[in-house]
Amino acid sequence: MHIIMGIILAAGAIAFAVSRIIQAGDDVRGAARRYKWSRRTNTSPLDGLSDPREAGAVLVTQVAAYEGDLTEAQAAAIRDGMAERFGVSGDEASGLLGFGRHAVGQLTDAANSLSKLVSPIRAACTDEESAGFVQLLQTVAAVEGPVTDEQQRLIDGVRRGLLN
């Protein structure tokens, strides 16, 4: 009996370690984007943001972060959604997720900078692509349960900024 319990405990420890390694890999892939911003002291990661994919990564990470630390299911939904909607590789989607985590960690709330984040997306995307991005936000918000009021306010703000 004690051998079976030891095997179960070891399997749980291995699963936890693998989860942490995957999360660390996402952060490493975003290191280049973070380095770009770390050279500027006392600036927001949003200052001079012009890449719509980076702006989208911040918004989609923020909508997930309203529920606390990103879970592996949320991170996977974000990576898969960005790969599909942004037309990027899996590694590039992981790098964007790393940048999004870094930026959200530096901000009080990305919703306070909505105009800075929506502008590059609006300039680069068609109405159809913008609607797809709003759908991505909705999908990520619903990964861990029903969409909260805070998540819905951000999604509605993005929808107004992109589709009106």
# chains A, B, ... in the order shown; residues from 1 in each chain; ligands from 1
>>> residues_around(residues="A:Leu117", least_positions_apart="6", cutoff="10 Å", atoms="only C-alpha atoms", output="JSON, numbers by chain")
{"A": [46, 47, 49, 50, 51, 52, 54, 55, 56, 57, 58, 59, 110, 111, 158, 161]}
>>> write_last_selection(atoms="N, CA, C and O atoms", output="mmCIF file, in the first residue's frame")
data_model
loop_
_atom_site.group_PDB
_atom_site.id
_atom_site.type_symbol
_atom_site.label_atom_id
_atom_site.label_comp_id
_atom_site.auth_asym_id
_atom_site.auth_seq_id
_atom_site.Cartn_x
_atom_site.Cartn_y
_atom_site.Cartn_z
ATOM 1 N N LEU A 46 3.761 49.969 -22.244
ATOM 2 C CA LEU A 46 2.861 50.402 -23.305
ATOM 3 C C LEU A 46 3.372 51.637 -24.044
ATOM 4 O O LEU A 46 2.839 51.974 -25.102
ATOM 5 N N ASP A 47 4.377 52.306 -23.499
ATOM 6 C CA ASP A 47 4.917 53.490 -24.166
ATOM 7 C C ASP A 47 5.547 53.086 -25.493
ATOM 8 O O ASP A 47 6.424 52.238 -25.546
ATOM 9 N N LEU A 49 4.187 51.493 -27.884
ATOM 10 C CA LEU A 49 3.688 50.206 -28.379
ATOM 11 C C LEU A 49 3.019 50.413 -29.731
ATOM 12 O O LEU A 49 2.076 51.192 -29.853
ATOM 13 N N SER A 50 3.531 49.743 -30.756
ATOM 14 C CA SER A 50 2.954 49.917 -32.084
ATOM 15 C C SER A 50 2.582 48.583 -32.733
ATOM 16 O O SER A 50 1.844 48.574 -33.712
ATOM 17 N N ASP A 51 3.081 47.490 -32.223
ATOM 18 C CA ASP A 51 2.785 46.170 -32.782
ATOM 19 C C ASP A 51 1.400 45.728 -32.297
ATOM 20 O O ASP A 51 1.196 45.538 -31.094
ATOM 21 N N PRO A 52 0.449 45.554 -33.199
ATOM 22 C CA PRO A 52 -0.901 45.169 -32.763
ATOM 23 C C PRO A 52 -0.928 43.808 -32.080
ATOM 24 O O PRO A 52 -1.777 43.559 -31.226
ATOM 25 N N GLU A 54 1.388 42.641 -30.023
ATOM 26 C CA GLU A 54 1.780 42.860 -28.633
ATOM 27 C C GLU A 54 0.641 43.499 -27.844
ATOM 28 O O GLU A 54 0.379 43.130 -26.701
ATOM 29 N N ALA A 55 -0.026 44.465 -28.451
ATOM 30 C CA ALA A 55 -1.171 45.098 -27.783
ATOM 31 C C ALA A 55 -2.268 44.072 -27.521
ATOM 32 O O ALA A 55 -2.862 44.031 -26.436
ATOM 33 N N GLY A 56 -2.512 43.214 -28.499
ATOM 34 C CA GLY A 56 -3.509 42.162 -28.318
ATOM 35 C C GLY A 56 -3.103 41.184 -27.235
ATOM 36 O O GLY A 56 -3.942 40.723 -26.450
ATOM 37 N N ALA A 57 -1.811 40.873 -27.165
ATOM 38 C CA ALA A 57 -1.321 39.951 -26.136
ATOM 39 C C ALA A 57 -1.552 40.526 -24.745
ATOM 40 O O ALA A 57 -1.927 39.805 -23.815
ATOM 41 N N VAL A 58 -1.347 41.826 -24.589
ATOM 42 C CA VAL A 58 -1.568 42.461 -23.291
ATOM 43 C C VAL A 58 -3.050 42.372 -22.914
ATOM 44 O O VAL A 58 -3.396 42.012 -21.786
ATOM 45 N N LEU A 59 -3.919 42.670 -23.858
ATOM 46 C CA LEU A 59 -5.361 42.655 -23.568
ATOM 47 C C LEU A 59 -5.863 41.252 -23.241
ATOM 48 O O LEU A 59 -6.608 41.052 -22.284
ATOM 49 N N ALA A 110 -4.716 46.977 -17.329
ATOM 50 C CA ALA A 110 -4.598 47.362 -18.737
ATOM 51 C C ALA A 110 -5.830 48.120 -19.222
ATOM 52 O O ALA A 110 -5.744 48.885 -20.177
ATOM 53 N N ALA A 111 -6.958 47.926 -18.561
ATOM 54 C CA ALA A 111 -8.177 48.646 -18.959
ATOM 55 C C ALA A 111 -8.002 50.151 -18.798
ATOM 56 O O ALA A 111 -8.673 50.927 -19.483
ATOM 57 N N VAL A 158 -13.063 47.069 -25.354
ATOM 58 C CA VAL A 158 -12.316 46.725 -26.569
ATOM 59 C C VAL A 158 -13.264 46.700 -27.763
ATOM 60 O O VAL A 158 -12.938 47.226 -28.840
ATOM 61 N N GLY A 161 -14.010 50.178 -28.798
ATOM 62 C CA GLY A 161 -12.842 50.809 -29.406
ATOM 63 C C GLY A 161 -12.520 50.288 -30.798
ATOM 64 O O GLY A 161 -11.992 51.014 -31.631
#
>>> residues_around(residues="A:Phe86", least_positions_apart="2", cutoff="10 Å", atoms="only C-alpha atoms", output="short mmCIF file (atom, residue, chain, number, x, y, z; two decimals) with N, CA, C and O atoms, in the first residue's frame")
data_model
loop_
_atom_site.label_atom_id
_atom_site.label_comp_id
_atom_site.auth_asym_id
_atom_site.auth_seq_id
_atom_site.Cartn_x
_atom_site.Cartn_y
_atom_site.Cartn_z
N PRO A 52 0.45 45.55 -33.20
CA PRO A 52 -0.90 45.17 -32.76
C PRO A 52 -0.93 43.81 -32.08
O PRO A 52 -1.78 43.56 -31.23
N ARG A 53 0.00 42.93 -32.43
CA ARG A 53 0.04 41.62 -31.78
C ARG A 53 0.43 41.75 -30.32
O ARG A 53 -0.12 41.06 -29.46
N GLY A 56 -2.51 43.21 -28.50
CA GLY A 56 -3.51 42.16 -28.32
C GLY A 56 -3.10 41.18 -27.23
O GLY A 56 -3.94 40.72 -26.45
N ALA A 57 -1.81 40.87 -27.16
CA ALA A 57 -1.32 39.95 -26.14
C ALA A 57 -1.55 40.53 -24.75
O ALA A 57 -1.93 39.81 -23.81
N ASP A 80 -3.00 29.26 -28.25
CA ASP A 80 -3.70 28.72 -29.42
C ASP A 80 -4.49 29.81 -30.13
O ASP A 80 -4.49 29.88 -31.36
N GLY A 81 -5.16 30.65 -29.36
CA GLY A 81 -5.95 31.73 -29.95
C GLY A 81 -5.09 32.74 -30.68
O GLY A 81 -5.45 33.19 -31.78
N MET A 82 -3.94 33.11 -30.10
CA MET A 82 -3.07 34.06 -30.78
C MET A 82 -2.46 33.44 -32.03
O MET A 82 -2.33 34.12 -33.05
N ALA A 83 -2.10 32.17 -31.96
CA ALA A 83 -1.54 31.50 -33.15
C ALA A 83 -2.57 31.52 -34.28
O ALA A 83 -2.23 31.80 -35.44
N GLU A 84 -3.82 31.25 -33.94
CA GLU A 84 -4.88 31.21 -34.96
C GLU A 84 -5.24 32.61 -35.44
O GLU A 84 -5.27 32.88 -36.64
N VAL A 88 0.53 33.50 -36.23
CA VAL A 88 1.92 33.34 -35.81
C VAL A 88 2.18 31.89 -35.45
O VAL A 88 1.25 31.11 -35.23
N SER A 89 3.46 31.53 -35.36
CA SER A 89 3.83 30.18 -34.96
C SER A 89 3.58 29.98 -33.47
O SER A 89 3.36 30.95 -32.74
N GLU A 92 6.20 31.87 -31.46
CA GLU A 92 5.95 33.31 -31.44
C GLU A 92 4.76 33.64 -30.54
O GLU A 92 4.78 34.64 -29.82
N ALA A 93 3.74 32.78 -30.56
CA ALA A 93 2.59 32.98 -29.67
C ALA A 93 3.03 32.87 -28.21
O ALA A 93 2.57 33.64 -27.36
N GLU A 129 -11.35 41.00 -38.64
CA GLU A 129 -10.26 40.60 -37.74
C GLU A 129 -10.49 41.14 -36.33
O GLU A 129 -10.23 40.44 -35.35
N GLY A 132 -13.00 39.03 -34.65
CA GLY A 132 -12.36 37.78 -34.24
C GLY A 132 -11.54 37.94 -32.98
O GLY A 132 -11.51 37.05 -32.13
N PHE A 133 -10.88 39.09 -32.85
CA PHE A 133 -10.09 39.34 -31.64
C PHE A 133 -11.01 39.48 -30.42
O PHE A 133 -10.70 38.95 -29.35
#
>>> closest_residue(among="A:Val143, A:Leu162, A:Ala73, A:Leu97", to="A:Pro120", atoms="only C-alpha atoms")
A:Leu162
>>> select_by_dssp(residues="chain A", states="helix (DSSP H, G or I)", output="ChimeraX atom specification")
/A:2-29,31-38,52-65,72-86,90-106,110-124,127-141,149-163
>>> residues_around(residues="A:Leu70", least_positions_apart="4", cutoff="9 Å", atoms="only C-alpha atoms", output="PyMOL selection string")
chain A and resi 61+64-65+74-75+101
>>> closest_atom_pairs(of="stretch 75-121 of chain A", to="stretch 15-22 of chain A", cutoff="12 Å", atoms="only C-alpha atoms", output="JSON lines")
{"residue": "A:Ala75", "atom": "CA", "partner": "A:Ile22", "partner_atom": "CA", "distance": 10.1}
{"residue": "A:Ala76", "atom": "CA", "partner": "A:Ile22", "partner_atom": "CA", "distance": 10.4}
{"residue": "A:Ser94", "atom": "CA", "partner": "A:Ile22", "partner_atom": "CA", "distance": 10.2}
{"residue": "A:Gly98", "atom": "CA", "partner": "A:Ile22", "partner_atom": "CA", "distance": 11.7}
>>> write_last_selection(atoms="N, CA, C and O atoms", output="mmCIF file, in the first residue's frame")
data_model
loop_
_atom_site.group_PDB
_atom_site.id
_atom_site.type_symbol
_atom_site.label_atom_id
_atom_site.label_comp_id
_atom_site.auth_asym_id
_atom_site.auth_seq_id
_atom_site.Cartn_x
_atom_site.Cartn_y
_atom_site.Cartn_z
ATOM 1 N N ALA A 75 -3.403 29.749 -20.321
ATOM 2 C CA ALA A 75 -2.214 29.993 -21.142
ATOM 3 C C ALA A 75 -2.314 29.253 -22.473
ATOM 4 O O ALA A 75 -1.977 29.808 -23.530
ATOM 5 N N ALA A 76 -2.789 28.012 -22.441
ATOM 6 C CA ALA A 76 -2.942 27.244 -23.680
ATOM 7 C C ALA A 76 -3.985 27.893 -24.592
ATOM 8 O O ALA A 76 -3.771 27.991 -25.811
ATOM 9 N N SER A 94 3.945 31.957 -27.910
ATOM 10 C CA SER A 94 4.468 31.828 -26.547
ATOM 11 C C SER A 94 5.259 33.073 -26.154
ATOM 12 O O SER A 94 5.195 33.528 -25.015
ATOM 13 N N GLY A 98 4.461 35.662 -23.141
ATOM 14 C CA GLY A 98 5.456 36.122 -22.166
ATOM 15 C C GLY A 98 5.474 37.636 -22.057
ATOM 16 O O GLY A 98 5.549 38.193 -20.953
#
>>> closest_residue(among="A:Glu67, A:Asp109, A:Asp91, A:Asp156", to="A:Val134", atoms="only C-alpha atoms")
A:Asp156
>>> atom_distance(atom1="atom CA of A:Leu154", atom2="atom CA of A:Ser119")
14.9 Å
>>> closest_residue(among="A:Leu163, A:Leu96, A:Glu144, A:Gln106", to="A:Ala123", atoms="only C-alpha atoms")
A:Leu163
>>> closest_residue(among="A:Leu107, A:Ala10, A:Met1, A:Ala131", to="A:Asn164", atoms="only C-alpha atoms")
A:Ala131
>>> closest_residue(among="A:Thr148, A:Arg122, A:Val60, A:Lys116", to="A:Ile78", atoms="only C-alpha atoms")
A:Val60
>>> residues_around(residues="A:Val147", least_positions_apart="6", cutoff="10 Å", atoms="only C-alpha atoms", output="PDB file with C-alpha atoms, in the first residue's frame")
ATOM      1  CA  VAL A  63      -8.706  39.430 -19.370  1.00  0.00           C
ATOM      2  CA  ALA A  64      -7.400  36.091 -18.074  1.00  0.00           C
ATOM      3  CA  GLU A  67      -9.250  35.721 -12.282  1.00  0.00           C
ATOM      4  CA  GLN A 138     -14.552  36.234 -24.840  1.00  0.00           C
ATOM      5  CA  THR A 139     -13.218  32.684 -25.271  1.00  0.00           C
ATOM      6  CA  VAL A 140     -10.240  33.225 -22.953  1.00  0.00           C
ATOM      7  CA  ALA A 141     -12.439  34.900 -20.336  1.00  0.00           C
ATOM      8  CA  ILE A 155     -14.251  43.086 -23.485  1.00  0.00           C
TER       9      ILE A 155
END
